[in-house]
Amino acid sequence: MTTDARGEIVSRISTMYDALGDRPRFDAHLHPDVLMWESDAEGLLRGLPALDTLRDERRARAADGPRPVSVVPHVVAADAWGDTGVVRYELHATYVDGTPEEVFRVTDVLRREDGTWRIVHHHAERRD
């Protein structure tokens, strides 16, 4: 496990959330067959098309609701073993209209292919 690989993984997570709202840029951080557990999903999601369906459902539910002004990962730990990495973090969504901040616990498993780290498994759980 190298410090460089851990730093690459942490950087990759940060740049992914910097791209939030731009699906192609955001999705470049995800493997096309990514497996996802999300707090608001019925069950396991597999692949980007399933994620797009969830995103569209979220957009319809939140059409009149507040939108976060920032979504920032606070990295707790990152580890890498060769071309496999794991990062655990809290994701903070902040609003300006008085809506309480939302916090999610996230674990992402990444795989490095052709020099690029991509998420192959994502688990996000909203904290109350």
# chains A, B, ... in the order shown; residues from 1 in each chain; ligands from 1
$ select_by_dssp --residues "segment 10-43 of chain A" --states "helix (DSSP H, G or I)" --output "tab-separated table (two decimals) with N, CA, C and O atoms, in the first residue's frame"
chain	number	residue	atom	x	y	z
A	10	VAL	N	-8.15	9.55	-2.87
A	10	VAL	CA	-8.79	10.68	-2.20
A	10	VAL	C	-9.04	11.80	-3.21
A	10	VAL	O	-10.12	12.39	-3.26
A	11	SER	N	-8.06	12.07	-4.05
A	11	SER	CA	-8.20	13.10	-5.07
A	11	SER	C	-9.31	12.75	-6.06
A	11	SER	O	-10.10	13.61	-6.47
A	12	ARG	N	-9.39	11.48	-6.42
A	12	ARG	CA	-10.42	11.03	-7.37
A	12	ARG	C	-11.82	11.26	-6.79
A	12	ARG	O	-12.73	11.69	-7.49
A	13	ILE	N	-12.00	10.99	-5.50
A	13	ILE	CA	-13.29	11.21	-4.85
A	13	ILE	C	-13.62	12.70	-4.85
A	13	ILE	O	-14.74	13.11	-5.17
A	14	SER	N	-12.66	13.53	-4.53
A	14	SER	CA	-12.89	14.98	-4.51
A	14	SER	C	-13.27	15.51	-5.89
A	14	SER	O	-14.20	16.31	-6.03
A	15	THR	N	-12.54	15.07	-6.93
A	15	THR	CA	-12.86	15.57	-8.27
A	15	THR	C	-14.21	15.05	-8.75
A	15	THR	O	-14.90	15.73	-9.51
A	16	MET	N	-14.60	13.87	-8.29
A	16	MET	CA	-15.92	13.35	-8.66
A	16	MET	C	-17.01	14.28	-8.12
A	16	MET	O	-17.92	14.66	-8.86
A	17	TYR	N	-16.93	14.66	-6.84
A	17	TYR	CA	-17.97	15.52	-6.28
A	17	TYR	C	-17.88	16.95	-6.81
A	17	TYR	O	-18.89	17.65	-6.87
A	18	ASP	N	-16.71	17.38	-7.25
A	18	ASP	CA	-16.60	18.67	-7.94
A	18	ASP	C	-17.39	18.66	-9.24
A	18	ASP	O	-17.84	19.70	-9.71
A	23	ARG	N	-23.38	15.05	-15.42
A	23	ARG	CA	-23.39	13.58	-15.44
A	23	ARG	C	-22.20	12.96	-16.17
A	23	ARG	O	-21.57	12.05	-15.64
A	24	PRO	N	-21.86	13.41	-17.37
A	24	PRO	CA	-20.72	12.75	-18.05
A	24	PRO	C	-19.41	12.88	-17.26
A	24	PRO	O	-18.66	11.91	-17.15
A	25	ARG	N	-19.13	14.05	-16.70
A	25	ARG	CA	-17.90	14.22	-15.91
A	25	ARG	C	-17.96	13.39	-14.63
A	25	ARG	O	-16.97	12.78	-14.24
A	26	PHE	N	-19.11	13.40	-13.97
A	26	PHE	CA	-19.26	12.64	-12.73
A	26	PHE	C	-19.12	11.14	-13.02
A	26	PHE	O	-18.38	10.43	-12.35
A	27	ASP	N	-19.82	10.69	-14.07
A	27	ASP	CA	-19.84	9.26	-14.39
A	27	ASP	C	-18.50	8.73	-14.87
A	27	ASP	O	-18.26	7.52	-14.81
$ residues_around --residues "segment 39-56 of chain A" --least-positions-apart "2" --cutoff "12 Å" --atoms "only C-alpha atoms" --output "PyMOL selection string"
chain A and resi 20-21+23-24+26-37+58-63+103-106+119-128
$ atom_distance --atom1 "atom CA of Val86 of chain A" --atom2 "atom CA of Val72 of chain A"
17.8 Å
$ select_by_dssp --residues "segment 24-54 of chain A" --states "strand (DSSP E or B)" --output "list in words"
Leu30, His31, Pro32, Asp33, Val34, Leu35, Met36, Trp37, Leu45 and Arg46 of chain A
$ residues_around --residues "Arg112 of chain A" --least-positions-apart "3" --cutoff "8 Å" --atoms "only C-alpha atoms" --output "ChimeraX atom specification"
/A:83-84,115-118
$ residues_around --residues "segment 87-101 of chain A" --least-positions-apart "3" --cutoff "6 Å" --atoms "only C-alpha atoms" --output "number ranges by chain"
A: 68-78, 104-108
$ write_last_selection --atoms "N, CA, C and O atoms" --output "PDB file, in the first residue's frame"
ATOM      1  N   PRO A  68     -29.038  21.334  -2.555  1.00  0.00           N
ATOM      2  CA  PRO A  68     -27.824  21.665  -1.787  1.00  0.00           C
ATOM      3  C   PRO A  68     -26.944  22.659  -2.556  1.00  0.00           C
ATOM      4  O   PRO A  68     -26.891  22.633  -3.782  1.00  0.00           O
ATOM      5  N   VAL A  69     -26.294  23.520  -1.791  1.00  0.00           N
ATOM      6  CA  VAL A  69     -25.351  24.463  -2.405  1.00  0.00           C
ATOM      7  C   VAL A  69     -23.947  23.892  -2.427  1.00  0.00           C
ATOM      8  O   VAL A  69     -23.098  24.356  -3.177  1.00  0.00           O
ATOM      9  N   SER A  70     -23.704  22.870  -1.599  1.00  0.00           N
ATOM     10  CA  SER A  70     -22.411  22.182  -1.653  1.00  0.00           C
ATOM     11  C   SER A  70     -22.595  20.746  -1.181  1.00  0.00           C
ATOM     12  O   SER A  70     -23.432  20.449  -0.339  1.00  0.00           O
ATOM     13  N   VAL A  71     -21.808  19.871  -1.787  1.00  0.00           N
ATOM     14  CA  VAL A  71     -21.748  18.462  -1.408  1.00  0.00           C
ATOM     15  C   VAL A  71     -20.267  18.135  -1.319  1.00  0.00           C
ATOM     16  O   VAL A  71     -19.563  18.143  -2.335  1.00  0.00           O
ATOM     17  N   VAL A  72     -19.802  17.896  -0.092  1.00  0.00           N
ATOM     18  CA  VAL A  72     -18.363  17.777   0.147  1.00  0.00           C
ATOM     19  C   VAL A  72     -18.039  16.485   0.889  1.00  0.00           C
ATOM     20  O   VAL A  72     -18.616  16.217   1.945  1.00  0.00           O
ATOM     21  N   PRO A  73     -17.100  15.696   0.344  1.00  0.00           N
ATOM     22  CA  PRO A  73     -16.665  14.505   1.070  1.00  0.00           C
ATOM     23  C   PRO A  73     -15.630  14.863   2.131  1.00  0.00           C
ATOM     24  O   PRO A  73     -14.739  15.677   1.897  1.00  0.00           O
ATOM     25  N   HIS A  74     -15.804  14.286   3.296  1.00  0.00           N
ATOM     26  CA  HIS A  74     -14.831  14.419   4.385  1.00  0.00           C
ATOM     27  C   HIS A  74     -14.230  13.029   4.573  1.00  0.00           C
ATOM     28  O   HIS A  74     -14.860  12.158   5.186  1.00  0.00           O
ATOM     29  N   VAL A  75     -13.039  12.836   4.043  1.00  0.00           N
ATOM     30  CA  VAL A  75     -12.434  11.503   4.014  1.00  0.00           C
ATOM     31  C   VAL A  75     -12.022  11.074   5.415  1.00  0.00           C
ATOM     32  O   VAL A  75     -11.372  11.821   6.142  1.00  0.00           O
ATOM     33  N   VAL A  76     -12.421   9.872   5.742  1.00  0.00           N
ATOM     34  CA  VAL A  76     -12.083   9.272   7.030  1.00  0.00           C
ATOM     35  C   VAL A  76     -10.855   8.382   6.868  1.00  0.00           C
ATOM     36  O   VAL A  76      -9.909   8.462   7.634  1.00  0.00           O
ATOM     37  N   ALA A  77     -10.868   7.543   5.809  1.00  0.00           N
ATOM     38  CA  ALA A  77      -9.746   6.628   5.598  1.00  0.00           C
ATOM     39  C   ALA A  77      -9.728   6.171   4.153  1.00  0.00           C
ATOM     40  O   ALA A  77     -10.768   6.006   3.523  1.00  0.00           O
ATOM     41  N   ALA A  78      -8.521   5.992   3.652  1.00  0.00           N
ATOM     42  CA  ALA A  78      -8.334   5.457   2.298  1.00  0.00           C
ATOM     43  C   ALA A  78      -7.188   4.456   2.349  1.00  0.00           C
ATOM     44  O   ALA A  78      -6.176   4.687   3.020  1.00  0.00           O
ATOM     45  N   PHE A 104     -24.086  11.627   4.912  1.00  0.00           N
ATOM     46  CA  PHE A 104     -24.144  10.249   4.459  1.00  0.00           C
ATOM     47  C   PHE A 104     -22.824   9.569   4.804  1.00  0.00           C
ATOM     48  O   PHE A 104     -21.758  10.179   4.654  1.00  0.00           O
ATOM     49  N   ARG A 105     -22.894   8.320   5.241  1.00  0.00           N
ATOM     50  CA  ARG A 105     -21.695   7.486   5.395  1.00  0.00           C
ATOM     51  C   ARG A 105     -21.508   6.755   4.081  1.00  0.00           C
ATOM     52  O   ARG A 105     -22.444   6.132   3.582  1.00  0.00           O
ATOM     53  N   VAL A 106     -20.302   6.817   3.548  1.00  0.00           N
ATOM     54  CA  VAL A 106     -20.050   6.232   2.230  1.00  0.00           C
ATOM     55  C   VAL A 106     -18.814   5.343   2.281  1.00  0.00           C
ATOM     56  O   VAL A 106     -17.807   5.688   2.915  1.00  0.00           O
ATOM     57  N   THR A 107     -18.903   4.218   1.609  1.00  0.00           N
ATOM     58  CA  THR A 107     -17.755   3.359   1.352  1.00  0.00           C
ATOM     59  C   THR A 107     -17.719   3.112  -0.150  1.00  0.00           C
ATOM     60  O   THR A 107     -18.723   2.703  -0.735  1.00  0.00           O
ATOM     61  N   ASP A 108     -16.591   3.407  -0.762  1.00  0.00           N
ATOM     62  CA  ASP A 108     -16.396   3.151  -2.184  1.00  0.00           C
ATOM     63  C   ASP A 108     -15.220   2.203  -2.370  1.00  0.00           C
ATOM     64  O   ASP A 108     -14.179   2.365  -1.726  1.00  0.00           O
TER      65      ASP A 108
END
$ decode --residues "segment 99-113 of chain A" --atoms "all heavy atoms" --output "CSV table (one decimal), in the first residue's frame"
chain,number,residue,atom,x,y,z
A,99,THR,N,-32.6,24.5,5.6
A,99,THR,CA,-32.7,23.1,5.6
A,99,THR,C,-31.5,22.5,6.3
A,99,THR,O,-30.4,22.9,6.0
A,99,THR,CB,-32.8,22.5,4.2
A,99,THR,OG1,-33.9,23.1,3.5
A,99,THR,CG2,-32.9,21.0,4.2
A,100,PRO,N,-31.7,21.6,7.2
A,100,PRO,CA,-30.6,21.0,8.0
A,100,PRO,C,-29.6,20.3,7.0
A,100,PRO,O,-30.0,19.7,6.0
A,100,PRO,CB,-31.2,20.0,8.9
A,100,PRO,CG,-32.6,20.4,9.0
A,100,PRO,CD,-33.0,21.0,7.7
A,101,GLU,N,-28.3,20.3,7.3
A,101,GLU,CA,-27.3,19.6,6.6
A,101,GLU,C,-27.6,18.1,6.6
A,101,GLU,O,-28.1,17.6,7.6
A,101,GLU,CB,-25.9,19.9,7.2
A,101,GLU,CG,-24.8,19.1,6.5
A,101,GLU,CD,-23.5,19.4,7.1
A,101,GLU,OE1,-23.2,18.9,8.2
A,101,GLU,OE2,-22.7,20.1,6.5
A,102,GLU,N,-27.4,17.4,5.5
A,102,GLU,CA,-27.5,16.0,5.4
A,102,GLU,C,-26.1,15.4,5.4
A,102,GLU,O,-25.2,15.9,4.8
A,102,GLU,CB,-28.3,15.6,4.1
A,102,GLU,CG,-29.7,15.9,4.1
A,102,GLU,CD,-30.4,15.4,2.9
A,102,GLU,OE1,-30.0,15.9,1.8
A,102,GLU,OE2,-31.3,14.6,3.0
A,103,VAL,N,-26.0,14.3,6.1
A,103,VAL,CA,-24.7,13.6,6.2
A,103,VAL,C,-25.0,12.1,5.8
A,103,VAL,O,-25.9,11.5,6.2
A,103,VAL,CB,-24.1,13.7,7.6
A,103,VAL,CG1,-22.8,12.9,7.6
A,103,VAL,CG2,-23.9,15.1,8.0
A,104,PHE,N,-24.1,11.6,4.9
A,104,PHE,CA,-24.1,10.2,4.5
A,104,PHE,C,-22.8,9.6,4.8
A,104,PHE,O,-21.8,10.2,4.7
A,104,PHE,CB,-24.3,10.2,2.9
A,104,PHE,CG,-25.6,10.8,2.5
A,104,PHE,CD1,-25.7,12.2,2.3
A,104,PHE,CD2,-26.7,10.1,2.2
A,104,PHE,CE1,-26.9,12.8,1.9
A,104,PHE,CE2,-27.9,10.7,1.8
A,104,PHE,CZ,-28.0,12.0,1.6
A,105,ARG,N,-22.9,8.3,5.2
A,105,ARG,CA,-21.7,7.5,5.4
A,105,ARG,C,-21.5,6.8,4.1
A,105,ARG,O,-22.4,6.1,3.6
A,105,ARG,CB,-21.9,6.5,6.5
A,105,ARG,CG,-21.8,7.0,7.9
A,105,ARG,CD,-21.9,5.9,8.9
A,105,ARG,NE,-22.6,6.4,10.0
A,105,ARG,CZ,-23.4,5.7,10.7
A,105,ARG,NH1,-23.6,4.5,10.5
A,105,ARG,NH2,-24.1,6.3,11.7
A,106,VAL,N,-20.3,6.8,3.5
A,106,VAL,CA,-20.0,6.2,2.2
A,106,VAL,C,-18.8,5.3,2.3
A,106,VAL,O,-17.8,5.7,2.9
A,106,VAL,CB,-19.8,7.3,1.2
A,106,VAL,CG1,-19.6,6.7,-0.2
A,106,VAL,CG2,-21.0,8.3,1.1
A,107,THR,N,-18.9,4.2,1.6
A,107,THR,CA,-17.8,3.4,1.4
A,107,THR,C,-17.7,3.1,-0.2
A,107,THR,O,-18.7,2.7,-0.7
A,107,THR,CB,-17.9,2.0,2.1
A,107,THR,OG1,-18.0,2.3,3.5
A,107,THR,CG2,-16.7,1.1,1.8
A,108,ASP,N,-16.6,3.4,-0.8
A,108,ASP,CA,-16.4,3.2,-2.2
A,108,ASP,C,-15.2,2.2,-2.4
A,108,ASP,O,-14.2,2.4,-1.7
A,108,ASP,CB,-16.1,4.4,-3.0
A,108,ASP,CG,-17.3,5.3,-3.1
A,108,ASP,OD1,-18.4,4.8,-3.2
A,108,ASP,OD2,-17.1,6.6,-3.2
A,109,VAL,N,-15.4,1.2,-3.2
A,109,VAL,CA,-14.3,0.3,-3.7
A,109,VAL,C,-14.0,0.8,-5.1
A,109,VAL,O,-14.8,0.9,-5.9
A,109,VAL,CB,-14.8,-1.2,-3.6
A,109,VAL,CG1,-13.7,-2.1,-4.1
A,109,VAL,CG2,-15.3,-1.5,-2.2
A,110,LEU,N,-12.7,0.9,-5.3
A,110,LEU,CA,-12.2,1.4,-6.6
A,110,LEU,C,-11.2,0.4,-7.2
A,110,LEU,O,-10.5,-0.3,-6.4
A,110,LEU,CB,-11.5,2.8,-6.4
A,110,LEU,CG,-12.3,3.9,-5.9
A,110,LEU,CD1,-12.2,4.0,-4.4
A,110,LEU,CD2,-11.9,5.2,-6.6
A,111,ARG,N,-11.1,0.4,-8.5
A,111,ARG,CA,-10.2,-0.4,-9.2
A,111,ARG,C,-9.5,0.5,-10.2
A,111,ARG,O,-10.1,1.3,-10.8
A,111,ARG,CB,-10.9,-1.6,-9.9
A,111,ARG,CG,-9.9,-2.5,-10.6
A,111,ARG,CD,-10.6,-3.8,-11.1
A,111,ARG,NE,-11.6,-3.4,-12.1
A,111,ARG,CZ,-12.8,-4.0,-12.2
A,111,ARG,NH1,-13.2,-4.9,-11.3
A,111,ARG,NH2,-13.7,-3.6,-13.1
A,112,ARG,N,-8.1,0.3,-10.3
A,112,ARG,CA,-7.3,1.1,-11.2
A,112,ARG,C,-7.2,0.3,-12.5
A,112,ARG,O,-6.7,-0.8,-12.5
A,112,ARG,CB,-6.0,1.4,-10.6
A,112,ARG,CG,-5.1,2.3,-11.5
A,112,ARG,CD,-3.9,2.8,-10.9
A,112,ARG,NE,-3.2,1.8,-10.0
A,112,ARG,CZ,-2.4,2.0,-9.1
A,112,ARG,NH1,-2.0,3.3,-8.8
A,112,ARG,NH2,-1.9,1.1,-8.3
A,113,GLU,N,-7.7,0.9,-13.6
A,113,GLU,CA,-7.6,0.3,-14.9
A,113,GLU,C,-7.0,1.4,-15.8
A,113,GLU,O,-7.5,2.5,-15.9
A,113,GLU,CB,-9.0,-0.1,-15.5
A,113,GLU,CG,-9.6,-1.2,-14.7
A,113,GLU,CD,-11.0,-1.5,-15.2
A,113,GLU,OE1,-11.6,-0.7,-15.9
A,113,GLU,OE2,-11.5,-2.6,-14.9
